[in-house]
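Content type compact mmCIF, C-alpha atoms, from the file run37.txt:
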```
# COMPACT_ATOMS: atom_id res chain seq x y z
CA MET A 167 0.00 0.00 0.00
CA ALA A 168 1.40 3.43 -0.89
CA SER A 169 2.18 5.80 1.91
CA LYS A 170 -0.32 8.36 0.56
CA GLN A 171 -3.07 5.76 0.74
CA VAL A 172 -2.19 5.01 4.36
CA LEU A 173 -2.12 8.69 5.20
CA GLY A 174 -5.53 9.10 3.61
CA THR A 175 -6.87 6.07 5.41
CA ALA A 176 -5.42 7.29 8.67
CA LEU A 177 -6.96 10.72 8.33
CA GLY A 178 -10.26 9.11 7.34
CA ILE A 179 -10.25 6.99 10.49
CA GLY A 180 -9.43 10.08 12.53
CA GLY A 181 -12.38 11.89 10.98
CA LEU A 182 -14.65 8.94 11.71
CA LEU A 183 -13.51 8.93 15.32
CA VAL A 184 -14.37 12.60 15.71
CA ALA A 185 -17.76 12.06 14.09
CA LEU A 186 -18.40 9.08 16.38
CA VAL A 187 -17.60 11.15 19.43
CA ALA A 188 -19.85 13.94 18.27
CA ALA A 189 -22.70 11.46 17.81
CA VAL A 190 -22.17 9.83 21.19
CA GLN A 191 -21.78 13.17 22.88
CA ALA A 192 -25.15 14.23 21.59
CA GLN A 193 -26.86 11.38 23.44
CA THR A 194 -24.53 10.71 26.31
CA THR A 195 -25.06 11.20 29.96
CA PRO A 196 -22.55 13.22 31.97
CA ALA A 197 -19.11 11.66 32.15
CA GLN A 198 -18.67 9.04 34.79
CA GLN A 199 -16.22 10.27 37.35
CA PRO A 200 -13.46 7.89 38.25
CA SER A 201 -13.32 6.73 41.81
CA ALA A 202 -10.26 8.37 43.23
CA HIS A 203 -10.76 7.77 46.88
CA THR A 204 -11.12 4.81 49.11
CA THR A 205 -14.29 5.73 50.87
CA SER A 206 -17.60 6.78 49.44
CA LYS A 207 -18.48 10.39 49.84
CA PRO A 208 -20.71 11.26 52.77
CA GLN A 209 -24.28 12.25 51.95
CA SER A 210 -24.39 15.85 52.99
CA GLY A 211 -27.04 18.41 52.41
CA ALA A 212 -24.70 21.29 53.00
CA GLN A 213 -24.59 23.41 49.90
CA GLN A 214 -21.03 24.48 50.56
CA ALA A 215 -19.76 20.96 50.98
CA GLY A 216 -21.50 19.90 47.78
CA GLN A 217 -19.99 22.78 45.90
CA SER A 218 -16.53 21.96 47.19
CA SER A 219 -16.89 18.33 46.19
CA ASN A 220 -18.00 19.36 42.72
CA ASP A 221 -15.01 21.63 42.42
CA GLY A 222 -12.70 18.80 43.44
CA GLU A 223 -14.28 16.47 40.89
CA ARG A 224 -13.98 19.10 38.21
CA ILE A 225 -10.36 19.77 39.06
CA PHE A 226 -9.62 16.06 39.06
CA ALA A 227 -11.23 15.63 35.64
CA GLN A 228 -9.50 18.68 34.19
CA ASN A 229 -6.03 18.11 35.53
CA CYS A 230 -5.49 14.47 36.45
CA SER A 231 -7.62 12.25 34.24
CA ARG A 232 -6.66 14.23 31.16
CA CYS A 233 -3.38 12.32 31.20
CA HIS A 234 -4.09 9.05 32.96
CA ASN A 235 -6.73 6.75 34.34
CA ALA A 236 -7.62 7.33 37.95
CA PRO A 237 -6.32 4.74 40.39
CA GLU A 238 -9.01 2.50 41.83
CA GLY A 239 -8.56 4.00 45.24
CA PHE A 240 -5.55 4.55 47.44
CA SER A 241 -4.73 4.90 51.10
CA PRO A 242 -5.90 8.21 52.61
CA ARG A 243 -2.46 8.36 54.24
CA ILE A 244 -0.90 9.32 50.91
CA SER A 245 -3.61 11.65 49.63
CA GLY A 246 -1.61 14.74 50.62
CA THR A 247 1.47 13.37 48.88
CA VAL A 248 -0.52 12.58 45.74
CA VAL A 249 -1.87 16.12 45.66
CA ARG A 250 1.53 17.69 46.24
CA HIS A 251 3.03 15.58 43.47
CA MET A 252 0.19 16.56 41.15
CA ARG A 253 0.57 20.18 42.15
CA VAL A 254 4.13 20.17 40.82
CA ARG A 255 3.61 17.86 37.85
CA ALA A 256 0.30 19.30 36.65
CA GLN A 257 1.12 22.82 37.81
CA LEU A 258 -2.01 23.15 39.91
CA SER A 259 -2.80 26.40 41.63
CA GLN A 260 -2.85 26.39 45.42
CA ARG A 261 -6.64 26.63 45.47
CA ASP A 262 -7.02 23.75 43.04
CA ALA A 263 -4.65 21.64 45.11
CA GLU A 264 -6.69 22.36 48.23
CA GLU A 265 -9.96 21.46 46.48
CA LEU A 266 -8.41 18.26 45.18
CA LEU A 267 -7.28 17.28 48.66
CA ARG A 268 -10.82 17.93 49.93
CA PHE A 269 -12.17 15.74 47.12
CA PHE A 270 -9.85 12.91 48.18
CA ASN A 271 -10.78 13.35 51.85
CA PRO A 272 -14.40 14.43 51.99
CA MET B 640 21.17 7.50 51.27
CA ILE B 641 18.37 9.87 50.32
CA LEU B 642 15.82 7.30 51.35
CA ALA B 643 17.62 6.83 54.65
CA THR B 644 17.61 10.58 55.19
CA LEU B 645 13.93 10.73 54.51
CA CYS B 646 13.28 7.89 56.91
CA VAL B 647 14.34 9.98 59.85
CA VAL B 648 12.06 12.84 58.95
CA ARG B 649 8.93 12.98 61.04
CA TYR B 650 5.77 13.67 59.12
CA SER B 651 3.35 15.92 60.85
CA ALA B 652 0.30 15.15 58.73
CA ALA B 653 -1.02 11.63 58.32
CA GLN B 654 -1.91 12.34 54.69
CA ASP B 655 1.68 13.11 53.83
CA THR B 656 3.15 9.64 54.05
CA PRO B 657 5.70 9.08 51.25
CA LEU B 658 4.34 7.03 48.42
CA LEU B 659 5.58 4.46 45.98
CA SER B 660 3.93 4.47 42.62
CA GLY B 661 4.72 3.47 39.08
CA GLY B 662 4.21 0.63 36.68
CA VAL B 663 5.21 -2.97 36.14
CA GLY B 664 4.91 -4.19 32.60
CA PHE B 665 5.72 -6.96 30.21
CA PHE B 666 6.06 -5.91 26.59
CA THR B 667 6.63 -7.61 23.28
CA SER B 668 7.65 -5.84 20.12
CA THR B 669 7.86 -7.36 16.66
CA PRO B 670 9.37 -4.99 14.12
CA GLY B 671 9.94 -6.67 10.77
CA GLY B 672 9.09 -10.13 12.09
CA SER B 673 11.65 -10.26 14.89
CA THR B 674 10.13 -10.38 18.37
CA SER B 675 11.76 -8.92 21.47
CA TYR B 676 10.50 -9.27 25.02
CA SER B 677 10.95 -6.68 27.71
CA PRO B 678 9.83 -6.94 31.34
CA THR B 679 10.04 -3.50 32.89
CA ILE B 680 9.58 -1.94 36.31
CA GLU B 681 9.28 1.82 36.60
CA PRO B 682 8.95 2.85 40.25
CA LEU B 683 8.39 6.37 41.48
CA LEU B 684 9.04 7.63 44.98
CA ALA B 685 7.49 10.87 46.23
CA ALA B 686 8.27 12.05 49.74
CA PRO B 687 7.02 15.33 51.17
CA ILE B 688 9.11 17.07 53.80
CA GLY B 689 7.38 19.68 55.90
CA ASN B 690 4.72 21.78 54.24
CA HIS B 691 6.60 23.03 51.20
CA PHE B 692 9.10 20.40 50.06
CA LEU B 693 8.71 17.32 47.94
CA VAL B 694 11.45 14.95 46.85
CA GLU B 695 10.53 12.75 43.93
CA SER B 696 12.37 10.29 41.79
CA ARG B 697 11.59 7.79 39.05
CA ALA B 698 13.73 4.90 37.93
CA VAL B 699 13.54 2.24 35.27
CA LEU B 700 14.64 -1.36 35.52
CA SER B 701 14.32 -3.28 32.31
CA GLU B 702 15.52 -6.53 30.79
CA SER B 703 15.39 -7.05 27.05
CA PHE B 704 15.42 -10.41 25.28
CA SER B 705 16.07 -10.15 21.54
CA PRO B 706 16.78 -12.75 18.86
CA ILE B 707 20.52 -13.18 18.23
CA GLY B 708 19.95 -12.89 14.49
CA GLY B 709 22.33 -13.71 11.67
CA GLY B 710 20.73 -17.10 11.24
CA GLN B 711 21.63 -18.16 14.76
CA PRO B 712 18.95 -19.54 17.03
CA GLY B 713 18.28 -18.27 20.52
CA TYR B 714 18.00 -14.96 22.28
CA ASP B 715 20.45 -12.44 23.57
CA HIS B 716 19.56 -10.33 26.55
CA SER B 717 20.59 -7.07 28.10
CA HIS B 718 19.46 -5.14 31.11
CA PHE B 719 19.03 -1.49 31.80
CA ILE B 720 18.81 0.20 35.18
CA ALA B 721 18.76 3.96 35.51
CA LEU B 722 17.32 6.86 37.43
CA THR B 723 14.99 8.74 35.12
CA TYR B 724 14.99 11.78 37.35
CA LEU B 725 15.62 12.83 40.93
CA GLN B 726 14.40 16.25 41.91
CA GLY B 727 13.55 18.37 44.92
CA ASP B 728 10.53 20.66 44.70
CA TYR B 729 10.03 23.71 46.86
CA ILE B 730 6.56 25.24 46.71
CA ALA B 731 7.61 28.83 47.26
CA THR B 732 4.38 30.73 46.61
CA PRO B 733 0.88 29.88 45.32
CA HIS B 734 2.21 30.60 41.82
CA LEU B 735 5.80 29.42 41.96
CA THR B 736 7.52 26.10 42.55
CA VAL B 737 11.30 25.92 42.46
CA VAL B 738 12.71 22.61 41.27
CA GLY B 739 16.33 21.54 41.65
CA GLY B 740 18.16 18.40 40.66
CA SER B 741 17.67 16.10 37.72
CA PHE B 742 14.33 16.75 36.06
CA LEU B 743 12.44 15.78 32.92
CA THR B 744 13.03 18.31 30.16
CA PRO B 745 9.86 20.40 29.91
CA PHE B 746 9.46 20.50 26.15
CA GLY B 747 6.12 19.57 24.63
CA THR B 748 3.89 17.24 26.58
CA TYR B 749 5.06 13.69 26.02
CA ASN B 750 8.18 13.68 28.16
CA GLU B 751 6.61 15.02 31.32
CA ARG B 752 3.07 13.71 31.05
CA LEU B 753 2.86 10.58 28.95
CA SER B 754 6.21 8.83 29.23
CA PRO B 755 5.45 6.60 32.27
CA ILE B 756 4.70 3.08 31.07
CA TRP B 757 1.37 3.00 32.91
CA ILE B 758 0.15 6.19 31.21
CA GLY B 759 1.13 5.89 27.56
CA ASN B 760 -1.45 4.47 25.17
CA PHE B 761 1.27 3.01 23.00
CA GLN B 762 4.39 1.18 23.99
CA ASP B 763 6.53 3.40 21.76
CA GLY B 764 6.84 7.13 22.20
CA PRO B 765 6.35 9.46 19.25
CA LEU B 766 9.19 9.73 16.75
CA ILE B 767 9.74 13.43 17.52
CA THR B 768 10.25 12.87 21.23
CA GLY B 769 13.97 13.56 20.77
CA LEU B 770 13.38 17.11 19.53
CA GLY B 771 13.80 19.56 22.38
CA ALA B 772 14.57 16.79 24.85
CA MET B 773 18.24 17.79 24.77
CA GLY B 774 19.66 14.36 24.26
CA THR B 775 18.70 12.46 27.36
CA GLY B 776 15.26 13.90 28.07
CA THR B 777 16.48 15.15 31.43
CA GLY B 778 18.18 18.29 32.59
CA LEU B 779 20.44 18.82 35.58
CA GLY B 780 19.92 22.21 37.16
CA GLY B 781 16.81 24.12 38.08
CA GLU B 782 13.27 24.86 37.02
CA LEU B 783 10.79 27.56 37.89
CA ARG B 784 7.25 26.40 37.30
CA GLY B 785 3.72 26.94 38.42
CA SER B 786 0.26 28.19 37.68
CA ALA B 787 0.42 31.83 36.59
CA ILE B 788 -3.34 32.33 36.48
CA SER B 789 -6.14 29.95 37.36
CA ARG B 790 -9.72 31.02 36.74
CA ARG B 791 -12.90 29.06 36.09
CA LYS B 792 -12.77 29.95 32.40
CA TYR B 793 -9.06 29.74 31.73
CA SER B 794 -5.72 29.00 33.27
CA ILE B 795 -2.14 29.61 32.24
CA ASP B 796 0.80 27.60 33.48
CA TYR B 797 4.48 28.00 32.80
CA VAL B 798 7.85 26.38 33.28
CA GLY B 799 11.35 27.66 32.57
CA TYR B 800 14.57 25.75 33.12
CA PHE B 801 18.31 25.83 32.89
CA SER B 802 20.41 22.72 32.70
CA THR B 803 24.13 22.32 33.00
CA ARG B 804 26.24 19.82 31.11
CA SER B 805 26.86 16.59 32.95
CA GLY B 806 28.62 13.41 31.92
CA ASN B 807 27.60 11.54 35.06
CA GLU B 808 26.20 8.14 34.17
CA GLN B 809 22.99 8.59 36.16
CA PHE B 810 22.54 12.32 35.57
CA ASN B 811 23.66 12.75 32.01
CA SER B 812 22.51 16.06 30.59
CA GLU B 813 23.39 18.78 28.15
CA ARG B 814 23.80 22.48 28.78
CA SER B 815 20.51 23.97 27.71
CA ALA B 816 17.69 26.31 28.62
CA GLY B 817 14.07 26.62 27.65
CA GLY B 818 10.51 26.54 28.79
CA ARG B 819 6.88 26.02 28.03
CA VAL B 820 3.67 28.02 28.39
CA SER B 821 0.19 26.50 28.20
CA LEU B 822 -3.26 28.01 28.06
CA TYR B 823 -6.13 25.78 29.18
CA LEU B 824 -9.80 26.52 28.60
CA PRO B 825 -11.72 24.24 31.01
CA GLU B 826 -15.18 24.87 29.54
CA ILE B 827 -14.24 23.45 26.18
CA ARG B 828 -11.43 21.29 27.57
CA LEU B 829 -8.91 22.70 25.14
CA GLU B 830 -5.23 23.23 25.85
CA VAL B 831 -2.77 24.94 23.58
CA GLY B 832 0.84 25.51 24.41
CA ALA B 833 4.22 26.46 23.07
CA SER B 834 7.69 25.24 23.98
CA TYR B 835 11.14 26.55 23.33
CA GLY B 836 14.54 25.05 24.02
CA ARG B 837 18.07 26.09 23.20
CA LEU B 838 21.06 23.85 23.30
CA LEU B 839 23.88 25.90 24.81
CA GLN B 840 26.75 23.72 23.80
CA GLY B 841 28.27 22.64 20.50
CA THR B 842 26.23 24.01 17.61
CA GLN B 843 23.76 25.80 19.95
CA GLU B 844 20.58 24.70 18.22
CA ASN B 845 17.08 26.07 18.79
CA PHE B 846 13.97 23.91 19.19
CA TYR B 847 10.39 25.09 18.89
CA GLY B 848 7.27 23.18 19.74
CA THR B 849 3.51 23.54 19.99
CA HIS B 850 0.88 21.24 21.41
CA VAL B 851 -2.89 21.04 21.28
CA TRP B 852 -4.94 18.78 23.54
CA TRP B 853 -8.69 18.51 23.43
CA GLU B 854 -11.07 16.37 25.47
CA PRO B 855 -14.71 17.15 24.58
CA LYS B 856 -16.69 17.58 27.78
CA GLY B 857 -18.85 14.66 28.78
CA THR B 858 -17.00 12.11 26.70
CA ALA B 859 -13.99 9.89 27.20
CA PHE B 860 -12.48 11.01 23.92
CA ARG B 861 -9.03 12.56 23.94
CA LEU B 862 -7.18 14.20 21.11
CA ARG B 863 -3.55 15.05 21.67
CA SER B 864 -1.06 16.47 19.24
CA GLU B 865 2.37 18.00 19.09
CA PHE B 866 4.54 19.65 16.50
CA ALA B 867 8.25 20.18 17.06
CA LYS B 868 10.91 21.80 14.94
CA GLY B 869 14.64 21.50 15.38
CA GLN B 870 17.63 22.72 13.43
CA HIS B 871 17.86 19.58 11.31
CA ALA B 872 14.45 17.95 11.46
CA ASP B 873 10.84 18.54 12.35
CA GLY B 874 7.70 16.51 12.72
CA TYR B 875 4.36 16.03 14.38
CA TRP B 876 2.10 13.43 15.96
CA ILE B 877 -1.64 13.31 16.48
CA GLU B 878 -3.17 10.77 18.84
CA ALA B 879 -6.81 10.02 19.54
CA ASP B 880 -8.31 7.57 22.00
CA TYR B 881 -11.86 6.86 22.98
CA ARG B 882 -13.88 4.89 25.52
CA THR B 883 -17.61 4.70 25.19
CA GLN B 884 -19.95 5.39 28.08
CA ALA B 885 -23.02 4.42 26.12
CA PHE B 886 -23.17 0.78 27.29
CA GLY B 887 -23.07 0.85 31.06
CA GLY B 888 -20.34 3.43 31.60
CA LEU B 889 -16.58 3.29 31.56
CA ASP B 890 -16.46 0.33 33.94
CA SER B 891 -18.59 -1.94 31.77
CA TRP B 892 -16.71 -4.50 29.72
CA ILE B 893 -17.37 -2.48 26.58
CA GLY B 894 -16.46 0.79 28.27
CA ARG B 895 -13.08 -0.64 29.17
CA ILE B 896 -12.17 -1.08 25.50
CA GLU B 897 -10.06 1.79 24.25
CA PRO B 898 -9.32 2.13 20.56
CA VAL B 899 -6.30 4.31 19.95
CA PHE B 900 -4.93 5.85 16.82
CA ARG B 901 -1.79 7.86 16.20
CA MET B 902 -0.43 9.40 13.05
CA GLN B 903 3.03 10.84 12.86
CA GLN B 904 5.47 12.18 10.32
CA THR B 905 9.06 13.36 10.54
CA PHE B 906 10.92 15.45 8.00
CA ARG B 907 14.67 15.54 7.72
CA LEU B 908 15.81 19.05 6.81
CA ASP B 909 19.45 18.22 6.15
CA ASN B 910 21.88 15.38 6.48
CA ILE B 911 23.23 16.40 9.88
CA ALA B 912 21.59 13.98 12.26
CA SER B 913 22.19 15.48 15.70
CA ASP B 914 18.87 14.28 17.04
CA THR B 915 17.16 10.93 17.45
CA LEU B 916 14.75 11.32 14.54
CA PRO B 917 14.95 8.95 11.58
CA ALA B 918 17.66 9.78 9.06
CA VAL B 919 15.10 10.00 6.25
CA ASN B 920 11.56 11.34 6.01
CA THR B 921 9.28 8.89 7.77
CA GLN B 922 5.56 8.35 8.14
CA ARG B 923 4.05 6.07 10.69
CA ALA B 924 0.47 5.13 11.50
CA ASP B 925 -0.27 3.32 14.77
CA PHE B 926 -3.54 1.49 15.33
CA GLY B 927 -4.02 0.37 18.91
CA LEU B 928 -6.61 -1.44 20.93
CA ASP B 929 -6.13 -1.16 24.69
CA TYR B 930 -8.20 -2.80 27.37
CA ASN B 931 -8.50 -1.28 30.83
CA LEU B 932 -8.81 -4.20 33.21
CA PRO B 933 -9.93 -3.74 36.82
CA HIS B 934 -7.25 -3.26 39.48
CA ASN B 935 -5.23 -0.66 37.59
CA THR B 936 -4.13 -3.00 34.85
CA ARG B 937 -4.04 -2.25 31.14
CA ILE B 938 -3.48 -4.41 28.11
CA LEU B 939 -1.86 -2.56 25.23
CA THR B 940 -1.88 -3.89 21.68
CA SER B 941 -0.99 -2.12 18.49
CA TYR B 942 -0.13 -2.54 14.87
CA SER B 943 2.01 0.09 13.20
CA ARG B 944 3.10 0.59 9.64
CA ARG B 945 6.16 2.68 9.05
CA PHE B 946 7.01 4.16 5.66
CA SER B 947 10.33 5.62 4.64
CA SER B 948 12.78 5.51 1.78
CA ALA B 949 14.92 3.25 3.97
CA GLY B 950 12.18 0.61 3.74
CA ASN B 951 8.68 0.00 4.99
CA GLU B 952 8.07 -1.98 8.13
CA ASN B 953 5.28 -3.56 10.14
CA ILE B 954 5.51 -3.29 13.91
CA TRP B 955 3.32 -5.42 16.16
CA GLU B 956 3.37 -4.69 19.86
CA THR B 957 1.62 -6.09 22.90
CA GLY B 958 1.98 -5.42 26.57
CA ILE B 959 0.36 -5.63 29.95
CA VAL B 960 0.96 -2.95 32.57
CA TYR B 961 -0.02 -2.81 36.21
CA ARG B 962 -0.02 0.52 37.96
CA PHE B 963 0.73 0.49 41.69
CA LEU B 964 0.24 3.23 44.26
CA PHE B 965 0.71 2.72 47.97
CA PRO B 966 2.38 4.23 51.04
CA ALA B 967 6.15 3.73 51.11
CA TRP B 968 5.90 2.55 54.69
CA LYS B 969 3.44 2.16 57.46
CA GLY B 970 2.45 5.53 58.81
CA LYS B 971 0.40 6.70 61.73
```

Mind converting the file's structure to structure tokens?
Amino acid sequence: MASKQVLGTALGIGGLLVALVAAVQAQTTPAQQPSAHTTSKPQSGAQQAGQSSNDGERIFAQNCSRCHNAPEGFSPRISGTVVRHMRVRAQLSQRDAEELLRFFNP
Amino acid sequence: MILATLCVVRYSAAQDTPLLSGGVGFFTSTPGGSTSYSPTIEPLLAAPIGNHFLVESRAVLSESFSPIGGGQPGYDHSHFIALTYLQGDYIATPHLTVVGGSFLTPFGTYNERLSPIWIGNFQDGPLITGLGAMGTGTGLGGELRGSAISRRKYSIDYVGYFSTRSGNEQFNSERSAGGRVSLYLPEIRLEVGASYGRLLQGTQENFYGTHVWWEPKGTAFRLRSEFAKGQHADGYWIEADYRTQAFGGLDSWIGRIEPVFRMQQTFRLDNIASDTLPAVNTQRADFGLDYNLPHNTRILTSYSRRFSSAGNENIWETGIVYRFLFPAWKGK
């Protein structure tokens, strides 16, 4: 197969992928958030707590799971270390790092 | 010695126990019909000290079994053990982190973000990885990095570095300087960035790079791309991966399937090959199918076709990677 044919095929597949995503996106439910902590989140009616948790989830999705899959839970004893490592590696702001730590330790 | 030093440090917060993370993998690669096997361990240690310091290091331990070739039966093997980086981070202000030691060269996105074996969608890195990496992909010196601005609608992060020349076996580096700036728009999940690097020894070459990442909101589709230009070669790669949520979410057996595609091209600008890019213009298409097993395990498979005037080649690769993450020792 000539290289131009492969390039064309490759670009075609790429285009199909984008179209597929667009189609799925149109009918999909909100993205499933990976489980990044060992314990389930407490059921709280506090608006502020809910907001904070949402922020942490958002920050996790925007900064961590963009690069890699979330671990299926880890010891709470290393949650601060994980966040500090991510703060340096993903260049998180201080506020985002704090929200992420709250998300890991609700 | 560093580990021993860290052992005597008392950690005030229970959440700040040092961690061990990384990947364990077994890979096979069959370029042109000749299969090699490579078990690999890539551990990472991260140890916070006090409220502002972090010491982190990554290493690679790998054994490679390759056919002897030349009509002879059997396999030859070699091993490789090296520190990938060893750095100390000081979080100086909300917007500035000072890094010292041996660090990954911050050029483009692959080296810093996607090079761990448990993260990469493909076993092989892009062909242009060598551009801007300053030889070894690590620098020995210092970095200033951080989040310049972080708002709900946009954020800007930066990193600048200077590296000295080192011939040390574990901390081999070239004298260079450079940096990267990225703009991220969270609402549309779009990141664009630019990188620059200058080799400050020998021919003093410049390297320029750009990257675009896009993850449409509400989907598990990711599009990543990079372009890099050096003095003697340039090239690009575009990678897309997707997991469907339409059939029971990402944790269903269908949702765990991850088709991956990458297209890349390199262009040789002259005959001076001072980088790791192919000596002739090359095109490569990678078709992968990964499966995300439970318990942080991934199966990676791919077929690649490589075209160049030096000859075309099929490359089949498979691998299984387990990602581990646990406290380095028992804490309080």

Q. How many Å separate CA of Gly769 (chain B) from CA of Glu830 (chain B)?
A.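 That distance, rounded to one decimal, is 22.1 Å.
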
Can you write out as a Markdown table which residues of chain B fall within 6 Å of chain A, alongside each residue's closest atom pair and its distance in Å to one decimal, counting only C-alpha atoms and ordering rows by chain and ascending residue number?
```
| residue | atom | partner | partner_atom | distance |
| --- | --- | --- | --- | --- |
| B:Ala653 | CA | A:Arg243 | CA | 5.4 |
| B:Gln654 | CA | A:Arg243 | CA | 4.0 |
| B:Asp655 | CA | A:Gly246 | CA | 4.9 |
| B:Thr656 | CA | A:Ile244 | CA | 5.1 |
| B:Pro733 | CA | A:Gln260 | CA | 5.1 |
| B:Ile758 | CA | A:His234 | CA | 5.4 |
| B:Gly785 | CA | A:Gln257 | CA | 4.9 |
| B:Ser786 | CA | A:Ser259 | CA | 5.3 |
| B:Gly857 | CA | A:Ala197 | CA | 4.5 |
| B:Thr858 | CA | A:Ala197 | CA | 5.9 |
```

Please put the answer as AutoDock Vina command-line options: centre and edge lengths, in Å with one decimal, of a box along x, y and z that encloses all listed atoms of region 962-969 of chain B plus 6 Å on each side.
```
--center_x 3.1 --center_y 2.4 --center_z 47.7 --size_x 18.2 --size_y 15.7 --size_z 31.5
```

Q) Separation of CA of His718 (chain B) and CA of Gly780 (chain B), in Å? A)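 Between CA of His718 (chain B) and CA of Gly780 (chain B) the gap is 28.0 Å.
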
Q. If you measure from CA of Glu952 (chain B) to CA of Pro670 (chain B), what distance in Å do you get, rounded to one decimal?
A.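 Between CA of Glu952 (chain B) and CA of Pro670 (chain B) the gap is 6.8 Å.
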
**Q.** Contacts of Glu844 (chain B) within 9 Å, all atoms listed in the file, excl. fewer than 5 positions in-chain, as a ChimeraX atom specification
**A.** /B:836-839,869-870

Q.
Which residue is closest to Ala816 (chain B)? Choose from B:Leu779, B:Ala731, B:Ile788, B:Val851 and count only C-alpha atoms.
A.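 Of the candidates, the smallest distance to Ala816 (chain B) is held by B:Leu779.
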
Q: Have a look at B:Ser675, B:Gly817, B:Val960, B:Thr768 and name the one nearest to Gly713 (chain B); count all atoms listed in the file.
A: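 For Gly713 (chain B), the nearest of the given residues is B:Ser675.
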
Quick one: residues within 7 Å of region 665-669 of chain B, all atoms listed in the file, excluding same-chain residues fewer than 3 positions away - as a compact mmCIF listing (two decimals) with C-alpha atoms, keeping the file's coordinate frame?
```txt
# COMPACT_ATOMS: atom_id res chain seq x y z
CA GLY B 672 9.09 -10.13 12.09
CA SER B 673 11.65 -10.26 14.89
CA THR B 674 10.13 -10.38 18.37
CA SER B 675 11.76 -8.92 21.47
CA TYR B 676 10.50 -9.27 25.02
CA SER B 677 10.95 -6.68 27.71
CA PRO B 678 9.83 -6.94 31.34
CA THR B 679 10.04 -3.50 32.89
CA ILE B 954 5.51 -3.29 13.91
CA TRP B 955 3.32 -5.42 16.16
CA GLU B 956 3.37 -4.69 19.86
CA THR B 957 1.62 -6.09 22.90
CA GLY B 958 1.98 -5.42 26.57
CA ILE B 959 0.36 -5.63 29.95
CA VAL B 960 0.96 -2.95 32.57
```

Quick one: which region 837-900 of chain B residues come within 12 Å of region 933-936 of chain B, and what is the nearest atom pair for each with the distance in Å to one decimal, counting all atoms listed in the file, rows ordered by chain and ascending number, as JSON lines?
```
{"residue": "B:Leu889", "atom": "CA", "partner": "B:Pro933", "partner_atom": "CA", "distance": 11.0}
{"residue": "B:Asp890", "atom": "CA", "partner": "B:Pro933", "partner_atom": "CA", "distance": 8.2}
{"residue": "B:Ser891", "atom": "CA", "partner": "B:Pro933", "partner_atom": "CA", "distance": 10.2}
{"residue": "B:Trp892", "atom": "CA", "partner": "B:Pro933", "partner_atom": "CA", "distance": 9.8}
{"residue": "B:Gly894", "atom": "CA", "partner": "B:Pro933", "partner_atom": "CA", "distance": 11.7}
{"residue": "B:Arg895", "atom": "CA", "partner": "B:Pro933", "partner_atom": "CA", "distance": 8.8}
{"residue": "B:Ile896", "atom": "CA", "partner": "B:Pro933", "partner_atom": "CA", "distance": 11.8}
```

Since we have the selection now, will you write its residues out, keeping C-alpha atoms, as a CSV table (one decimal), in the coordinates of the input?
```csv
chain,number,residue,atom,x,y,z
B,889,LEU,CA,-16.6,3.3,31.6
B,890,ASP,CA,-16.5,0.3,33.9
B,891,SER,CA,-18.6,-1.9,31.8
B,892,TRP,CA,-16.7,-4.5,29.7
B,894,GLY,CA,-16.5,0.8,28.3
B,895,ARG,CA,-13.1,-0.6,29.2
B,896,ILE,CA,-12.2,-1.1,25.5
```

Q) Pick from B:Thr849, B:Ser913, B:Ser864, B:Thr744: nearest to Ser802 (chain B), with all atoms listed in the file counted? A)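 Nearest to Ser802 (chain B): B:Thr744.
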